[in-house]
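Q: My structure is below; once you've seen it, I'll send some questions.
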Amino acid sequence: MTKLSVNINKVATLRNARGGNTPDVLAVAKDCELFGGEGITVHPRPDQRHITYNDVYQLKPQIKTEFNIEGYPCDEFIDLVLKVKPHQVTLVPDAPDAITSNAGWDVASNFELLSELVDKFTSAGIRTSIFVGTDLENIKLAAKTGTDRVELYTEPYAKEYPESPDKAVAPFVEAAKLARSLGLGVNAGHDLSLENLEFFSKSIPWLEEVSIGHALISDALYLGLKETIRRYKECLL
Ligand code: PXP
């Protein structure tokens, strides 16, 4: 069964808008688990405008499901991950000032960096995942870094889905088949929503995990967190 990891960055963004502790990021993380979330994802950035490094340290002992830290591997990020030792680290090529991640890695031009990082995190007992698009050669190279998983960058799927679901998902099915044949676990994320998740999940039933933030937290404004998580999980059955 595909796991739902809730990305709680947007909760921290809301909290940071006022400088106090409302909403309480730790409490929200625990409630996500209580309501059925099977993991918590955070994406700390060097400017700490969403999740702060302190949040990450505080979250670690509280999280009873799977903790996934994603981000660009600057020195501070690497240090944080090695200290916190989450279950999984997802390496994302977003520049420090990017609003959000908007592409996967070009593995060829970052092969040494990624291989070294995979080695470092694996030695520390942390599962690794590399954020990639659907280019097949790129995924073959990602497998050669020794990573455990890849995370497919699903924004292009989400964009095309309303027009043509089959066409939108086809390259992702190909990419996920190749990844599986190379022994890689497959995660996915970016712009997945109640509208497009079920079709994606049914098309790639061997998907290990989706991490979802923006749409899920937005839906929670109308539906409440408990009902929202229930509905996302229903899409993954
Ligand atoms: N996966 C990665 C690597 C991301 O950078 C993000 C956005 O922070 C997500 C998943 C979640 O995307 P969304 O917020 O659109 O659900």
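Just remember, in the structure tokens the first chain shown is A, the second B, etc., residues are 1-based per chain, and ligands are 1-based in the order shown.
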Please produce, as CSV, a per-residue contact table for chain A versus ligand 1 (criterion: any atom at most 8 Å away, only C-alpha atoms and all ligand atoms considered), showing the nearest atom pair and its distance in Å to one decimal, sorted by chain then residue number.

A:
```
residue,atom,partner,partner_atom_place_in_ligand_line,distance
A:Asn7,CA,ligand 1,11 (C),6.3
A:Asn9,CA,ligand 1,8 (O),7.3
A:Lys10,CA,ligand 1,14 (O),7.9
A:Val42,CA,ligand 1,8 (O),7.8
A:His43,CA,ligand 1,8 (O),6.0
A:Glu70,CA,ligand 1,3 (C),6.1
A:Gly71,CA,ligand 1,5 (O),6.9
A:Thr90,CA,ligand 1,3 (C),6.6
A:Leu91,CA,ligand 1,3 (C),7.4
A:Val92,CA,ligand 1,3 (C),5.7
A:Asp94,CA,ligand 1,5 (O),7.8
A:Thr100,CA,ligand 1,8 (O),5.8
A:Ser101,CA,ligand 1,5 (O),4.6
A:Asn102,CA,ligand 1,5 (O),7.7
A:Phe131,CA,ligand 1,3 (C),5.9
A:Glu151,CA,ligand 1,3 (C),7.1
A:Tyr153,CA,ligand 1,1 (N),6.9
A:Glu155,CA,ligand 1,15 (O),7.6
A:Ala188,CA,ligand 1,1 (N),6.8
A:Gly189,CA,ligand 1,10 (C),3.9
A:His190,CA,ligand 1,12 (O),3.4
A:Asp191,CA,ligand 1,15 (O),3.6
A:Leu192,CA,ligand 1,16 (O),5.6
A:Ser193,CA,ligand 1,16 (O),7.4
A:Val210,CA,ligand 1,10 (C),7.6
A:Ser211,CA,ligand 1,10 (C),5.1
A:Ile212,CA,ligand 1,16 (O),3.6
A:Gly213,CA,ligand 1,14 (O),3.7
A:His214,CA,ligand 1,14 (O),3.7
A:Ala215,CA,ligand 1,16 (O),5.8
A:Leu216,CA,ligand 1,16 (O),7.0
```

Q: Can you list, as an MDAnalysis selection string, all residues belonging to region 102-153 of chain A that DSSP tags as strand (DSSP E or B)?

A: chainID A and resid 127:132 149:153

Q: Just the number, please: distance in Å from CA of Glu33 (chain A) to CA of Lys226 (chain A), one decimal.

A: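 Separation between CA of Glu33 (chain A) and CA of Lys226 (chain A): 9.8 Å.
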
Q: Nearest to Ala175 (chain A): which of A:Gly146, A:Gly133, A:Gly19, A:Pro73 is it, counting only C-alpha atoms?

A: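 Checking each of A:Gly146, A:Gly133, A:Gly19, A:Pro73 against Ala175 (chain A), counting only C-alpha atoms, the winner is A:Gly133.
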
Q: Quick one: everything within 7 Å of region 55-67 of chain A, counting only C-alpha atoms, minus sequence neighbours fewer than 4 positions away in the same chain. Send it as a PyMOL selection string.

A: chain A and resi 26+30+33+38-41+51+84+86-88

Q: If we count only C-alpha atoms, what is near Ser115 (chain A) at a cut-off of 9 Å, once residues fewer than 2 positions away on the same chain are taken out, given as an MDAnalysis selection string?

A: chainID A and resid 110:113 117:120 142 144:147

Q: Give me, as a PyMOL selection string, all polymer residues having an atom no more than 9 Å from Asp24 (chain A), counting only C-alpha atoms and skipping those fewer than 6 positions away in the same chain.

A: chain A and resi 11-12+15

Q: Just the number, please: distance in Å from CA of Leu34 (chain A) to CA of Gln48 (chain A), one decimal.

A: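 Separating CA of Leu34 (chain A) from CA of Gln48 (chain A) is a distance of 26.6 Å.
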
Q: Find the spatial neighbours of region 77-83 of chain A, counting only C-alpha atoms, within a cut-off of 8 Å - ignore same-chain residues fewer than 4 positions away - and output them as an mmCIF file with C-alpha atoms, in the first residue's frame.

A:
```cif
data_model
loop_
_atom_site.group_PDB
_atom_site.id
_atom_site.type_symbol
_atom_site.label_atom_id
_atom_site.label_comp_id
_atom_site.auth_asym_id
_atom_site.auth_seq_id
_atom_site.Cartn_x
_atom_site.Cartn_y
_atom_site.Cartn_z
ATOM 1 C CA PRO A 44 13.915 23.061 5.676
ATOM 2 C CA ARG A 45 15.502 25.809 3.616
ATOM 3 C CA PRO A 46 18.640 27.751 4.575
ATOM 4 C CA TYR A 53 16.041 23.802 11.837
ATOM 5 C CA ILE A 69 13.557 15.383 5.438
ATOM 6 C CA GLY A 71 15.923 19.596 0.614
ATOM 7 C CA TYR A 72 18.910 20.943 -1.221
ATOM 8 C CA PRO A 73 22.107 19.404 0.155
ATOM 9 C CA VAL A 89 16.347 11.932 3.217
ATOM 10 C CA PHE A 121 23.601 9.049 4.388
ATOM 11 C CA ALA A 124 24.510 6.804 8.753
#
```

Q: Select, from A:Arg127, A:Val173, A:Leu194, A:Cys235, the residue with the minimum atom-to-atom distance to Trp206 (chain A), counting only C-alpha atoms.

A: A:Val173

Q: Which one of A:Thr13, A:Asn138, A:Thr2, A:Ser109 sits closest to Lys233 (chain A) if you count only C-alpha atoms?

A: A:Thr2

Q: Looking only at alpha helix (DSSP H) from DSSP on the backbone, list the matching residues of region 199-231 of chain A as a VMD selection string.

A: chain A and resid 199 to 203 214 to 223 225 to 231

Q: Atoms to include: N, CA and C atoms. Write the selected residues as a PDB file, in the first residue's frame.

A:
```pdb
ATOM      1  N   PHE A 199      -6.009   8.527  -9.609  1.00  0.00           N
ATOM      2  CA  PHE A 199      -5.635   8.007 -10.931  1.00  0.00           C
ATOM      3  C   PHE A 199      -4.137   7.698 -10.986  1.00  0.00           C
ATOM      4  N   PHE A 200      -3.340   8.549 -10.372  1.00  0.00           N
ATOM      5  CA  PHE A 200      -1.890   8.329 -10.349  1.00  0.00           C
ATOM      6  C   PHE A 200      -1.580   7.046  -9.588  1.00  0.00           C
ATOM      7  N   SER A 201      -2.212   6.916  -8.440  1.00  0.00           N
ATOM      8  CA  SER A 201      -1.960   5.759  -7.584  1.00  0.00           C
ATOM      9  C   SER A 201      -2.396   4.448  -8.253  1.00  0.00           C
ATOM     10  N   LYS A 202      -3.555   4.484  -8.915  1.00  0.00           N
ATOM     11  CA  LYS A 202      -4.040   3.261  -9.597  1.00  0.00           C
ATOM     12  C   LYS A 202      -3.134   2.908 -10.782  1.00  0.00           C
ATOM     13  N   SER A 203      -2.539   3.917 -11.397  1.00  0.00           N
ATOM     14  CA  SER A 203      -1.672   3.670 -12.559  1.00  0.00           C
ATOM     15  C   SER A 203      -0.319   3.100 -12.154  1.00  0.00           C
ATOM     16  N   HIS A 214       0.937  21.220  -0.270  1.00  0.00           N
ATOM     17  CA  HIS A 214       0.147  22.405  -0.606  1.00  0.00           C
ATOM     18  C   HIS A 214      -1.351  22.127  -0.728  1.00  0.00           C
ATOM     19  N   ALA A 215      -1.714  21.152  -1.543  1.00  0.00           N
ATOM     20  CA  ALA A 215      -3.143  20.892  -1.770  1.00  0.00           C
ATOM     21  C   ALA A 215      -3.793  20.332  -0.501  1.00  0.00           C
ATOM     22  N   LEU A 216      -3.068  19.474   0.199  1.00  0.00           N
ATOM     23  CA  LEU A 216      -3.645  18.841   1.398  1.00  0.00           C
ATOM     24  C   LEU A 216      -3.923  19.877   2.490  1.00  0.00           C
ATOM     25  N   ILE A 217      -2.979  20.744   2.745  1.00  0.00           N
ATOM     26  CA  ILE A 217      -3.181  21.754   3.790  1.00  0.00           C
ATOM     27  C   ILE A 217      -4.278  22.733   3.350  1.00  0.00           C
ATOM     28  N   SER A 218      -4.347  23.036   2.047  1.00  0.00           N
ATOM     29  CA  SER A 218      -5.411  23.917   1.547  1.00  0.00           C
ATOM     30  C   SER A 218      -6.774  23.249   1.711  1.00  0.00           C
ATOM     31  N   ASP A 219      -6.864  21.965   1.388  1.00  0.00           N
ATOM     32  CA  ASP A 219      -8.136  21.242   1.556  1.00  0.00           C
ATOM     33  C   ASP A 219      -8.574  21.226   3.018  1.00  0.00           C
ATOM     34  N   ALA A 220      -7.583  21.161   3.914  1.00  0.00           N
ATOM     35  CA  ALA A 220      -7.908  21.087   5.343  1.00  0.00           C
ATOM     36  C   ALA A 220      -8.630  22.350   5.829  1.00  0.00           C
ATOM     37  N   LEU A 221      -8.453  23.474   5.121  1.00  0.00           N
ATOM     38  CA  LEU A 221      -9.160  24.704   5.504  1.00  0.00           C
ATOM     39  C   LEU A 221     -10.668  24.517   5.379  1.00  0.00           C
ATOM     40  N   TYR A 222     -11.070  23.739   4.396  1.00  0.00           N
ATOM     41  CA  TYR A 222     -12.505  23.503   4.178  1.00  0.00           C
ATOM     42  C   TYR A 222     -13.004  22.236   4.873  1.00  0.00           C
ATOM     43  N   LEU A 223     -12.193  21.188   4.815  1.00  0.00           N
ATOM     44  CA  LEU A 223     -12.664  19.867   5.263  1.00  0.00           C
ATOM     45  C   LEU A 223     -12.231  19.524   6.684  1.00  0.00           C
ATOM     46  N   LEU A 225      -8.561  18.757   9.069  1.00  0.00           N
ATOM     47  CA  LEU A 225      -7.391  17.902   8.824  1.00  0.00           C
ATOM     48  C   LEU A 225      -7.749  16.413   8.823  1.00  0.00           C
ATOM     49  N   LYS A 226      -8.636  16.035   9.740  1.00  0.00           N
ATOM     50  CA  LYS A 226      -8.962  14.614   9.876  1.00  0.00           C
ATOM     51  C   LYS A 226      -9.654  14.089   8.608  1.00  0.00           C
ATOM     52  N   GLU A 227     -10.678  14.820   8.166  1.00  0.00           N
ATOM     53  CA  GLU A 227     -11.421  14.391   6.981  1.00  0.00           C
ATOM     54  C   GLU A 227     -10.525  14.468   5.730  1.00  0.00           C
ATOM     55  N   THR A 228      -9.673  15.488   5.688  1.00  0.00           N
ATOM     56  CA  THR A 228      -8.783  15.641   4.532  1.00  0.00           C
ATOM     57  C   THR A 228      -7.856  14.435   4.416  1.00  0.00           C
ATOM     58  N   ILE A 229      -7.246  14.053   5.530  1.00  0.00           N
ATOM     59  CA  ILE A 229      -6.316  12.917   5.493  1.00  0.00           C
ATOM     60  C   ILE A 229      -7.075  11.637   5.136  1.00  0.00           C
ATOM     61  N   ARG A 230      -8.276  11.508   5.656  1.00  0.00           N
ATOM     62  CA  ARG A 230      -9.085  10.317   5.315  1.00  0.00           C
ATOM     63  C   ARG A 230      -9.299  10.249   3.797  1.00  0.00           C
ATOM     64  N   ARG A 231      -9.641  11.397   3.214  1.00  0.00           N
ATOM     65  CA  ARG A 231      -9.913  11.399   1.765  1.00  0.00           C
ATOM     66  C   ARG A 231      -8.658  11.128   0.929  1.00  0.00           C
TER      67      ARG A 231
END
```
